[in-house]
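Asks: Below is data.pdb; it holds PDB, C-alpha atoms (C1' of nucleotides).
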```pdb
ATOM      1  CA  MET A  27      45.009 134.188 136.359
ATOM      2  CA  ALA A  28      47.388 131.576 135.086
ATOM      3  CA  LYS A  29      48.562 129.262 137.821
ATOM      4  CA  ASP A  30      52.268 128.641 137.735
ATOM      5  CA  ILE A  31      53.206 125.602 135.681
ATOM      6  CA  PRO A  32      56.200 123.685 137.046
ATOM      7  CA  GLU A  33      59.226 123.394 134.811
ATOM      8  CA  ALA A  34      58.889 119.614 134.745
ATOM      9  CA  ALA A  35      55.352 119.738 133.364
ATOM     10  CA  THR A  36      56.441 122.094 130.594
ATOM     11  CA  ARG A  37      59.291 119.789 129.735
ATOM     12  CA  ALA A  38      57.027 116.739 129.768
ATOM     13  CA  ALA A  39      54.526 118.479 127.511
ATOM     14  CA  ALA A  40      57.160 119.488 124.970
ATOM     15  CA  ASP A  41      58.664 116.006 124.896
ATOM     16  CA  LEU A  42      55.241 114.428 124.558
ATOM     17  CA  ARG A  43      54.149 116.703 121.738
ATOM     18  CA  MET A  44      57.150 115.916 119.595
ATOM     19  CA  LEU A  45      57.168 112.234 120.467
ATOM     20  CA  THR A  46      53.522 111.959 119.431
ATOM     21  CA  SER A  47      54.308 113.250 115.957
ATOM     22  CA  LEU A  48      57.323 110.993 115.564
ATOM     23  CA  LEU A  49      55.535 107.888 116.763
ATOM     24  CA  ARG A  50      52.591 108.508 114.479
ATOM     25  CA  ARG A  51      54.864 108.931 111.465
ATOM     26  CA  ARG A  52      56.731 105.756 112.287
ATOM     27  CA  LEU A  53      53.452 103.876 112.576
ATOM     28  CA  MET A  54      52.139 105.344 109.321
ATOM     29  CA  ALA A  55      55.273 104.226 107.534
ATOM     30  CA  ILE A  56      54.596 100.593 108.496
ATOM     31  CA  THR A  57      52.177  99.801 105.712
ATOM     32  CA  LYS A  58      53.257  96.289 104.837
ATOM     33  CA  ASP A  59      50.409  93.840 104.393
ATOM     34  CA  ASP A  60      48.237  95.742 106.824
ATOM     35  CA  ALA A  61      45.527  97.412 104.778
ATOM     36  CA  LEU A  62      44.028  99.332 107.681
ATOM     37  CA  SER A  63      44.668 103.020 108.183
ATOM     38  CA  LEU A  64      45.577 104.302 111.631
ATOM     39  CA  ALA A  65      42.138 105.758 112.280
ATOM     40  CA  GLN A  66      40.533 102.497 111.150
ATOM     41  CA  SER A  67      42.726 100.424 113.465
ATOM     42  CA  ASP A  68      41.879 102.672 116.374
ATOM     43  CA  VAL A  69      38.166 102.175 115.859
ATOM     44  CA  LEU A  70      38.412  98.439 115.300
ATOM     45  CA  VAL A  71      40.358  97.968 118.520
ATOM     46  CA  ARG A  72      37.957 100.178 120.422
ATOM     47  CA  ILE A  73      34.879  98.261 119.309
ATOM     48  CA  ASP A  74      36.641  95.029 120.152
ATOM     49  CA  ARG A  75      37.450  96.252 123.658
ATOM     50  CA  GLU A  76      34.203  98.020 124.461
ATOM     51  CA  GLY A  77      31.585  96.250 122.394
ATOM     52  CA  PRO A  78      28.999  97.583 119.924
ATOM     53  CA  ALA A  79      28.510 101.352 119.969
ATOM     54  CA  THR A  80      26.791 104.126 118.055
ATOM     55  CA  LEU A  81      28.553 106.459 115.641
ATOM     56  CA  SER A  82      28.160 109.361 118.067
ATOM     57  CA  ALA A  83      29.600 107.425 120.953
ATOM     58  CA  LEU A  84      32.594 106.318 118.902
ATOM     59  CA  ALA A  85      33.177 109.868 117.693
ATOM     60  CA  ALA A  86      33.111 111.196 121.261
ATOM     61  CA  GLU A  87      35.481 108.513 122.533
ATOM     62  CA  GLU A  88      37.941 108.974 119.676
ATOM     63  CA  ARG A  89      37.663 112.761 119.957
ATOM     64  CA  VAL A  90      36.644 113.381 116.369
ATOM     65  CA  ARG A  91      33.527 114.920 114.825
ATOM     66  CA  PRO A  92      30.689 112.616 113.831
ATOM     67  CA  GLN A  93      31.364 113.405 110.168
ATOM     68  CA  SER A  94      34.949 112.230 110.544
ATOM     69  CA  MET A  95      33.906 109.056 112.317
ATOM     70  CA  ALA A  96      31.346 108.402 109.577
ATOM     71  CA  ALA A  97      34.117 108.428 106.985
ATOM     72  CA  THR A  98      36.190 105.960 108.994
ATOM     73  CA  LEU A  99      33.222 103.666 109.559
ATOM     74  CA  ASP A 100      32.281 103.764 105.874
ATOM     75  CA  ALA A 101      35.742 102.467 105.000
ATOM     76  CA  LEU A 102      35.543  99.683 107.599
ATOM     77  CA  ILE A 103      32.088  98.683 106.377
ATOM     78  CA  ALA A 104      33.293  98.673 102.782
ATOM     79  CA  ALA A 105      36.115  96.374 103.917
ATOM     80  CA  GLY A 106      33.585  94.093 105.603
ATOM     81  CA  LEU A 107      35.170  94.461 109.043
ATOM     82  CA  ILE A 108      32.246  96.056 110.870
ATOM     83  CA  GLU A 109      28.496  96.161 110.362
ATOM     84  CA  ARG A 110      25.532  98.289 111.339
ATOM     85  CA  THR A 111      22.482  96.876 113.011
ATOM     86  CA  PRO A 112      19.400  98.935 113.830
ATOM     87  CA  HIS A 113      19.469 100.524 117.252
ATOM     88  CA  PRO A 114      16.907  98.730 119.441
ATOM     89  CA  THR A 115      15.233 101.874 120.758
ATOM     90  CA  ASP A 116      16.369 104.810 118.628
ATOM     91  CA  ARG A 117      15.410 104.744 114.979
ATOM     92  CA  ARG A 118      17.841 107.536 114.123
ATOM     93  CA  SER A 119      20.797 105.425 115.123
ATOM     94  CA  SER A 120      22.614 102.150 114.512
ATOM     95  CA  LEU A 121      24.868  99.949 116.562
ATOM     96  CA  ILE A 122      28.277  99.279 115.069
ATOM     97  CA  SER A 123      29.777  95.867 115.750
ATOM     98  CA  LEU A 124      32.625  93.689 114.505
ATOM     99  CA  THR A 125      32.029  91.112 111.795
ATOM    100  CA  ALA A 126      33.763  87.743 111.864
ATOM    101  CA  ALA A 127      36.230  89.185 109.359
ATOM    102  CA  GLY A 128      36.817  92.127 111.679
ATOM    103  CA  ARG A 129      37.628  89.848 114.589
ATOM    104  CA  ALA A 130      39.918  87.778 112.369
ATOM    105  CA  THR A 131      41.734  90.918 111.257
ATOM    106  CA  LEU A 132      42.397  91.858 114.864
ATOM    107  CA  GLU A 133      43.762  88.430 115.646
ATOM    108  CA  THR A 134      46.086  88.397 112.661
ATOM    109  CA  ALA A 135      47.326  91.893 113.391
ATOM    110  CA  ARG A 136      50.774  90.361 113.507
ATOM    111  CA  GLY A 137      52.995  91.562 110.702
ATOM    112  CA  SER A 138      51.437  94.976 111.160
ATOM    113  CA  ARG A 139      52.165  98.211 112.987
ATOM    114  CA  GLN A 140      51.097  96.741 116.297
ATOM    115  CA  GLU A 141      53.661  94.017 115.942
ATOM    116  CA  TRP A 142      56.371  96.404 114.819
ATOM    117  CA  LEU A 143      55.851  98.613 117.864
ATOM    118  CA  SER A 144      55.578  95.693 120.289
ATOM    119  CA  ARG A 145      58.828  94.336 118.987
ATOM    120  CA  ALA A 146      60.613  97.676 119.160
ATOM    121  CA  LEU A 147      59.606  98.021 122.802
ATOM    122  CA  ALA A 148      60.369  94.409 123.682
ATOM    123  CA  GLU A 149      63.795  94.426 122.077
ATOM    124  CA  GLU A 150      65.015  97.743 123.407
ATOM    125  CA  LEU A 151      63.444  97.969 126.868
ATOM    126  CA  ASP A 152      63.650  95.699 129.886
ATOM    127  CA  ASP A 153      60.677  94.629 131.990
ATOM    128  CA  GLU A 154      60.941  97.491 134.429
ATOM    129  CA  GLU A 155      61.140 100.022 131.612
ATOM    130  CA  ILE A 156      58.114  98.588 129.852
ATOM    131  CA  ALA A 157      56.211  98.841 133.111
ATOM    132  CA  VAL A 158      57.153 102.518 133.244
ATOM    133  CA  VAL A 159      55.764 103.039 129.734
ATOM    134  CA  ILE A 160      52.507 101.332 130.636
ATOM    135  CA  ARG A 161      52.157 103.389 133.771
ATOM    136  CA  ALA A 162      52.897 106.599 131.849
ATOM    137  CA  THR A 163      50.236 105.919 129.218
ATOM    138  CA  GLY A 164      47.685 105.581 131.977
ATOM    139  CA  LEU A 165      48.828 108.807 133.608
ATOM    140  CA  ILE A 166      48.744 110.746 130.351
ATOM    141  CA  GLU A 167      45.298 109.428 129.517
ATOM    142  CA  ARG A 168      44.116 110.524 132.946
ATOM    143  CA  ALA A 169      45.483 114.023 132.361
ATOM    144  CA  LEU A 170      43.840 114.239 128.933
ATOM    145  CA  ASN A 171      40.451 113.251 130.312
ATOM    146  CA  ARG A 172      40.589 115.402 133.409
TER     147      ARG A 172
ATOM    148  CA  MET B  25      61.243  83.344 113.006
ATOM    149  CA  ALA B  26      59.383  85.714 115.260
ATOM    150  CA  LYS B  27      60.914  85.981 118.680
ATOM    151  CA  ASP B  28      58.368  85.817 121.457
ATOM    152  CA  ILE B  29      57.039  89.195 122.447
ATOM    153  CA  PRO B  30      56.162  89.513 126.127
ATOM    154  CA  GLU B  31      52.564  90.250 127.009
ATOM    155  CA  ALA B  32      53.564  93.524 128.643
ATOM    156  CA  ALA B  33      55.214  94.838 125.470
ATOM    157  CA  THR B  34      52.107  94.023 123.449
ATOM    158  CA  ARG B  35      49.968  95.805 125.984
ATOM    159  CA  ALA B  36      52.278  98.811 126.051
ATOM    160  CA  ALA B  37      52.252  98.999 122.248
ATOM    161  CA  ALA B  38      48.454  98.885 122.033
ATOM    162  CA  ASP B  39      48.052 101.534 124.706
ATOM    163  CA  LEU B  40      50.644 103.743 123.072
ATOM    164  CA  ARG B  41      49.103 103.464 119.626
ATOM    165  CA  MET B  42      45.684 104.584 120.758
ATOM    166  CA  LEU B  43      47.032 107.240 123.119
ATOM    167  CA  THR B  44      49.053 108.747 120.281
ATOM    168  CA  SER B  45      45.932 109.232 118.182
ATOM    169  CA  LEU B  46      43.965 110.705 121.049
ATOM    170  CA  LEU B  47      46.697 113.076 122.112
ATOM    171  CA  ARG B  48      47.219 114.295 118.573
ATOM    172  CA  ARG B  49      43.520 114.995 118.147
ATOM    173  CA  ARG B  50      43.347 116.872 121.420
ATOM    174  CA  LEU B  51      46.317 118.991 120.378
ATOM    175  CA  MET B  52      44.837 119.648 116.947
ATOM    176  CA  ALA B  53      41.620 120.841 118.535
ATOM    177  CA  ILE B  54      43.501 123.554 120.451
ATOM    178  CA  THR B  55      43.609 126.129 117.699
ATOM    179  CA  LYS B  56      42.946 129.304 119.634
ATOM    180  CA  ASP B  57      45.252 132.158 118.742
ATOM    181  CA  ASP B  58      48.038 129.790 117.772
ATOM    182  CA  ALA B  59      48.303 129.958 114.008
ATOM    183  CA  LEU B  60      50.905 127.215 113.703
ATOM    184  CA  SER B  61      49.993 123.734 112.562
ATOM    185  CA  LEU B  62      51.324 120.738 114.473
ATOM    186  CA  ALA B  63      53.949 119.928 111.864
ATOM    187  CA  GLN B  64      55.052 123.555 111.805
ATOM    188  CA  SER B  65      55.398 123.687 115.593
ATOM    189  CA  ASP B  66      57.454 120.515 115.563
ATOM    190  CA  VAL B  67      59.937 121.972 113.095
ATOM    191  CA  LEU B  68      60.145 125.342 114.808
ATOM    192  CA  VAL B  69      60.939 123.707 118.151
ATOM    193  CA  ARG B  70      63.473 121.411 116.563
ATOM    194  CA  ILE B  71      65.384 124.218 114.875
ATOM    195  CA  ASP B  72      65.328 126.148 118.137
ATOM    196  CA  ARG B  73      66.758 123.181 120.027
ATOM    197  CA  GLU B  74      69.294 121.975 117.486
ATOM    198  CA  GLY B  75      70.228 125.053 115.500
ATOM    199  CA  PRO B  76      70.228 125.708 111.738
ATOM    200  CA  ALA B  77      69.834 122.641 109.553
ATOM    201  CA  THR B  78      69.264 121.624 105.953
ATOM    202  CA  LEU B  79      65.923 120.515 104.558
ATOM    203  CA  SER B  80      67.182 116.952 104.206
ATOM    204  CA  ALA B  81      68.410 116.808 107.777
ATOM    205  CA  LEU B  82      65.132 118.128 109.135
ATOM    206  CA  ALA B  83      63.168 115.637 107.046
ATOM    207  CA  ALA B  84      65.280 112.752 108.353
ATOM    208  CA  GLU B  85      64.930 113.845 111.972
ATOM    209  CA  GLU B  86      61.193 114.385 111.719
ATOM    210  CA  ARG B  87      60.775 111.133 109.801
ATOM    211  CA  VAL B  88      59.063 112.623 106.770
ATOM    212  CA  ARG B  89      60.014 112.757 103.095
ATOM    213  CA  PRO B  90      61.905 115.800 101.828
ATOM    214  CA  GLN B  91      58.854 116.837  99.807
ATOM    215  CA  SER B  92      56.737 116.880 102.953
ATOM    216  CA  MET B  93      59.314 118.876 104.864
ATOM    217  CA  ALA B  94      59.527 121.331 101.962
ATOM    218  CA  ALA B  95      55.813 122.026 102.280
ATOM    219  CA  THR B  96      56.108 122.646 106.009
ATOM    220  CA  LEU B  97      59.119 124.915 105.550
ATOM    221  CA  ASP B  98      57.384 126.877 102.793
ATOM    222  CA  ALA B  99      54.558 127.668 105.209
ATOM    223  CA  LEU B 100      56.965 128.758 107.943
ATOM    224  CA  ILE B 101      58.901 130.932 105.506
ATOM    225  CA  ALA B 102      55.681 132.494 104.256
ATOM    226  CA  ALA B 103      54.829 133.250 107.890
ATOM    227  CA  GLY B 104      58.248 134.859 108.350
ATOM    228  CA  LEU B 105      59.270 132.497 111.153
ATOM    229  CA  ILE B 106      62.261 130.855 109.479
ATOM    230  CA  GLU B 107      64.642 131.830 106.681
ATOM    231  CA  ARG B 108      66.988 130.165 104.237
ATOM    232  CA  THR B 109      70.615 131.150 103.912
ATOM    233  CA  PRO B 110      72.939 129.665 101.315
ATOM    234  CA  HIS B 111      74.810 126.597 102.493
ATOM    235  CA  PRO B 112      78.471 127.556 102.949
ATOM    236  CA  THR B 113      79.902 124.620 101.010
ATOM    237  CA  ASP B 114      77.061 122.980  99.049
ATOM    238  CA  ARG B 115      75.382 125.095  96.427
ATOM    239  CA  ARG B 116      72.479 122.668  96.121
ATOM    240  CA  SER B 117      71.436 123.291  99.686
ATOM    241  CA  SER B 118      70.383 125.936 102.196
ATOM    242  CA  LEU B 119      70.560 126.284 105.937
ATOM    243  CA  ILE B 120      67.240 126.876 107.654
ATOM    244  CA  SER B 121      67.291 129.078 110.736
ATOM    245  CA  LEU B 122      64.845 130.939 112.977
ATOM    246  CA  THR B 123      64.055 134.578 112.348
ATOM    247  CA  ALA B 124      63.531 137.018 115.214
ATOM    248  CA  ALA B 125      59.799 136.534 114.674
ATOM    249  CA  GLY B 126      60.260 132.773 114.909
ATOM    250  CA  ARG B 127      62.044 133.078 118.238
ATOM    251  CA  ALA B 128      59.362 135.437 119.489
ATOM    252  CA  THR B 129      56.652 132.973 118.467
ATOM    253  CA  LEU B 130      58.329 130.235 120.482
ATOM    254  CA  GLU B 131      58.556 132.449 123.532
ATOM    255  CA  THR B 132      54.931 133.490 123.375
ATOM    256  CA  ALA B 133      53.775 129.922 122.878
ATOM    257  CA  ARG B 134      51.635 130.479 125.959
ATOM    258  CA  GLY B 135      47.930 130.356 125.189
ATOM    259  CA  SER B 136      48.702 127.601 122.725
ATOM    260  CA  ARG B 137      48.709 123.808 122.611
ATOM    261  CA  GLN B 138      51.939 123.618 124.526
ATOM    262  CA  GLU B 139      50.398 125.558 127.365
ATOM    263  CA  TRP B 140      47.209 123.514 127.306
ATOM    264  CA  LEU B 141      49.124 120.252 127.590
ATOM    265  CA  SER B 142      51.513 121.544 130.244
ATOM    266  CA  ARG B 143      48.575 122.671 132.314
ATOM    267  CA  ALA B 144      46.704 119.403 131.909
ATOM    268  CA  LEU B 145      49.738 117.494 133.145
ATOM    269  CA  ALA B 146      50.516 119.929 135.952
ATOM    270  CA  GLU B 147      46.970 120.004 137.269
ATOM    271  CA  GLU B 148      46.261 116.304 137.160
ATOM    272  CA  LEU B 149      49.624 114.702 137.984
ATOM    273  CA  ASP B 150      51.928 115.053 140.962
ATOM    274  CA  ASP B 151      55.691 115.519 140.748
ATOM    275  CA  GLU B 152      56.498 111.840 140.873
ATOM    276  CA  GLU B 153      53.975 111.080 138.118
ATOM    277  CA  ILE B 154      55.319 113.805 135.867
ATOM    278  CA  ALA B 155      58.780 112.350 136.344
ATOM    279  CA  VAL B 156      57.414 108.994 135.191
ATOM    280  CA  VAL B 157      56.021 110.612 132.045
ATOM    281  CA  ILE B 158      59.328 112.278 131.262
ATOM    282  CA  ARG B 159      61.208 109.048 131.785
ATOM    283  CA  ALA B 160      58.739 107.156 129.581
ATOM    284  CA  THR B 161      59.085 109.596 126.680
ATOM    285  CA  GLY B 162      62.829 109.033 126.765
ATOM    286  CA  LEU B 163      62.391 105.275 126.812
ATOM    287  CA  ILE B 164      59.918 105.295 123.928
ATOM    288  CA  GLU B 165      62.132 107.540 121.873
ATOM    289  CA  ARG B 166      65.008 105.154 122.497
ATOM    290  CA  ALA B 167      62.913 102.217 121.300
ATOM    291  CA  LEU B 168      61.817 104.106 118.169
ATOM    292  CA  ASN B 169      65.382 104.951 117.231
ATOM    293  CA  ARG B 170      66.884 101.598 117.989
TER     294      ARG B 170
ATOM    295  C1'  DT C  19      14.142 121.893 120.796
ATOM    296  C1'  DA C  20      17.925 118.614 121.042
ATOM    297  C1'  DT C  21      20.192 114.763 119.141
ATOM    298  C1'  DT C  22      21.738 111.401 115.442
ATOM    299  C1'  DG C  23      23.419 111.075 111.406
ATOM    300  C1'  DT C  24      24.374 112.684 106.258
ATOM    301  C1'  DT C  25      26.028 115.532 102.296
ATOM    302  C1'  DA C  26      29.161 118.869 100.507
ATOM    303  C1'  DT C  27      33.408 121.087 100.709
ATOM    304  C1'  DA C  28      38.071 122.393 102.151
ATOM    305  C1'  DC C  29      42.462 122.255 104.602
ATOM    306  C1'  DT C  30      46.578 119.828 106.714
ATOM    307  C1'  DC C  31      49.810 116.285 106.390
ATOM    308  C1'  DT C  32      52.001 113.032 104.050
ATOM    309  C1'  DA C  33      53.297 110.010 100.172
ATOM    310  C1'  DT C  34      55.059 108.477  95.305
ATOM    311  C1'  DA C  35      56.846 109.670  90.786
ATOM    312  C1'  DA C  36      59.572 112.307  87.814
ATOM    313  C1'  DC C  37      62.632 115.929  87.405
ATOM    314  C1'  DT C  38      66.892 119.606  87.752
ATOM    315  C1'  DA C  39      71.135 121.094  89.630
ATOM    316  C1'  DT C  40      75.173 120.195  92.021
ATOM    317  C1'  DA C  41      78.585 117.065  94.314
TER     318       DA C  41
ATOM    319  C1'  DT D  10      76.452 108.062  90.060
ATOM    320  C1'  DA D  11      74.625 109.931  94.268
ATOM    321  C1'  DT D  12      72.568 113.579  96.806
ATOM    322  C1'  DA D  13      69.710 118.049  97.662
ATOM    323  C1'  DG D  14      65.879 119.932  96.465
ATOM    324  C1'  DT D  15      61.470 120.967  93.382
ATOM    325  C1'  DT D  16      57.091 120.176  90.845
ATOM    326  C1'  DA D  17      52.941 117.612  90.219
ATOM    327  C1'  DT D  18      49.551 114.737  91.956
ATOM    328  C1'  DA D  19      46.970 111.829  95.168
ATOM    329  C1'  DG D  20      45.186 109.830  99.443
ATOM    330  C1'  DA D  21      44.238 109.868 104.570
ATOM    331  C1'  DG D  22      42.317 112.352 108.192
ATOM    332  C1'  DT D  23      40.045 115.899 109.884
ATOM    333  C1'  DA D  24      37.134 120.113 110.111
ATOM    334  C1'  DT D  25      32.969 123.474 109.375
ATOM    335  C1'  DA D  26      28.433 124.393 107.405
ATOM    336  C1'  DA D  27      23.919 123.136 106.215
ATOM    337  C1'  DC D  28      20.591 119.726 106.296
ATOM    338  C1'  DA D  29      16.948 115.595 107.368
ATOM    339  C1'  DA D  30      14.905 112.473 110.464
ATOM    340  C1'  DT D  31      13.739 111.174 114.923
ATOM    341  C1'  DA D  32      13.565 111.836 120.001
TER     342       DA D  32
END
```
Since I need it in another form, could you write the structure as structure tokens?

Replies:
Amino acid sequence: MAKDIPEAATRAAADLRMLTSLLRRRLMAITKDDALSLAQSDVLVRIDREGPATLSALAAEERVRPQSMAATLDALIAAGLIERTPHPTDRRSSLISLTAAGRATLETARGSRQEWLSRALAEELDDEEIAVVIRATGLIERALNR
Amino acid sequence: MAKDIPEAATRAAADLRMLTSLLRRRLMAITKDDALSLAQSDVLVRIDREGPATLSALAAEERVRPQSMAATLDALIAAGLIERTPHPTDRRSSLISLTAAGRATLETARGSRQEWLSRALAEELDDEEIAVVIRATGLIERALNR
DNA sequence: TATTGTTATACTCTATAACTATA
DNA sequence: TATAGTTATAGAGTATAACAATA
């Protein structure tokens, strides 16, 4: 039996769905000097935040199939931004970590999508509003991982 | 010269960027009985909300090129969910509107991504938190369109 | 047997370039 | 000239299916 879904949740879901598409397209359009694709940026940031990980773990965290993650990692390896080292205990697997170039890329992510979005938020929203956005991202993430 | 971007805006931008990818992948994974692609759903909802529109107008609002919008519209027309009628004053153009089947599809969007997301929000968040999410989507949209 | 990863293939979404028809 | 739309082509991102190696 379907539990009743409050009007507000339906509205929030509809708004979120459309906003997600729009935001992604805006980000994609910011190509500039940033050679990284969106999926590549996601993975680079994740490894930076969480440390070395296996392909499977990255795929699970990013919610893609291992084959899809493999394609993304291949591109990052080809660009010299990450590297594989043998897994210490599992010979089937490798640990993926940032190279020096990968860390440098993250630090110079200015002039890229990240900067464009930061600036858009900073210039249009006040401190209280930005706090609301931060709180909302946490709430949405919690709902997605429930 | 780059104006200083507050720490909080940078944090909000990073969180938003990654959340956008994750949310989109979760939505894509909900295929079920819903035959519409994400881009198709976006357009169908938009026409329903805003009424008949030209291809160019839809492309501008959805932030895609006219060629991309044409592909999406072709699929929706093939599915019988929208239709073209001649533009009253511009013979180069057409007005795109929902068919009866298109309206029916929107109404029976239960069992689809929209329902999955609504339920996730409703089950994990309380009323005050959902209100925060709704407010945040409005704020983000404002920043994107600034 | 279950898990980690690879190879092969296909579909969605979007873009750029070059074009036609109409305004 | 400028705008609305089309045709052709390509790349990013993702998936499923079938497989090999190791746990």

Asks: Can you measure CA of Arg50 (chain B) to CA of Val71 (chain A) for me? One decimal in Å is fine.

Replies: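 That distance, rounded to one decimal, is 19.4 Å.
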
Asks: Select all residues from chain C having any atom no more than 7 Å from an atom of chain B (counting all atoms listed in the file, ignoring ligands), output as a list in words.

Replies: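 Listed by rising number, the hits are DT32, DA39 and DT40 of chain C.
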
Asks: Select, as a compact mmCIF listing (two decimals) with C-alpha atoms, in the frame of the given file, those residues of chain B with any atom no more than 6 Å from chain A (distances computed using all atoms listed in the file).

Replies:
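Contents of result_29.txt, freshly written:
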```txt
# COMPACT_ATOMS: atom_id res chain seq x y z
CA ALA B 33 55.21 94.84 125.47
CA THR B 34 52.11 94.02 123.45
CA ALA B 36 52.28 98.81 126.05
CA ALA B 37 52.25 99.00 122.25
CA THR B 44 49.05 108.75 120.28
CA LEU B 141 49.12 120.25 127.59
CA SER B 142 51.51 121.54 130.24
CA ALA B 144 46.70 119.40 131.91
CA LEU B 145 49.74 117.49 133.15
CA ALA B 146 50.52 119.93 135.95
CA GLU B 148 46.26 116.30 137.16
CA VAL B 157 56.02 110.61 132.04
CA ILE B 158 59.33 112.28 131.26
CA ALA B 160 58.74 107.16 129.58
CA ALA B 167 62.91 102.22 121.30
```

Asks: Should the cut-off be 12 Å, what would the residue list for chain D against chain B look like, counting only C-alpha atoms (C1' of nucleotides), as an MDAnalysis selection string?

Replies: chainID D and resid 12:17 22:24

Asks: Residue by residue, what does the PyMOL selection byres ((chain C and resi 24-27) around 10) grab here? Present the result as a ChimeraX atom specification.

Replies: /A:92-93,96 /C:22-23,28-29 /D:25-29

Asks: Between C1' of DT31 (chain D) and CA of Thr115 (chain A), what is the spacing in Å?

Replies: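 Result for CA of Thr115 (chain A) versus C1' of DT31 (chain D): 11.1 Å, one decimal.
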
Asks: In Å, with one decimal, what is the gap from CA of Arg127 (chain B) to CA of His111 (chain B)?

Replies: 21.3 Å

Asks: If you count all atoms listed in the file, which residues fall within 8 Å of Thr123 (chain B), apart from same-chain ones fewer than 6 positions away, as a PyMOL selection string?

Replies: chain B and resi 104-107

Asks: Around all the atoms of region 44-60 of chain A listed in the file, draw an axis-aligned box and extend it by 5 Å on each of the six sides; I want its centre and edge lengths in Å to one decimal, as JSON.

Replies:
```
{"center_x": 52.8, "center_y": 104.9, "center_z": 112.4, "size_x": 19.1, "size_y": 32.1, "size_z": 26.1}
```
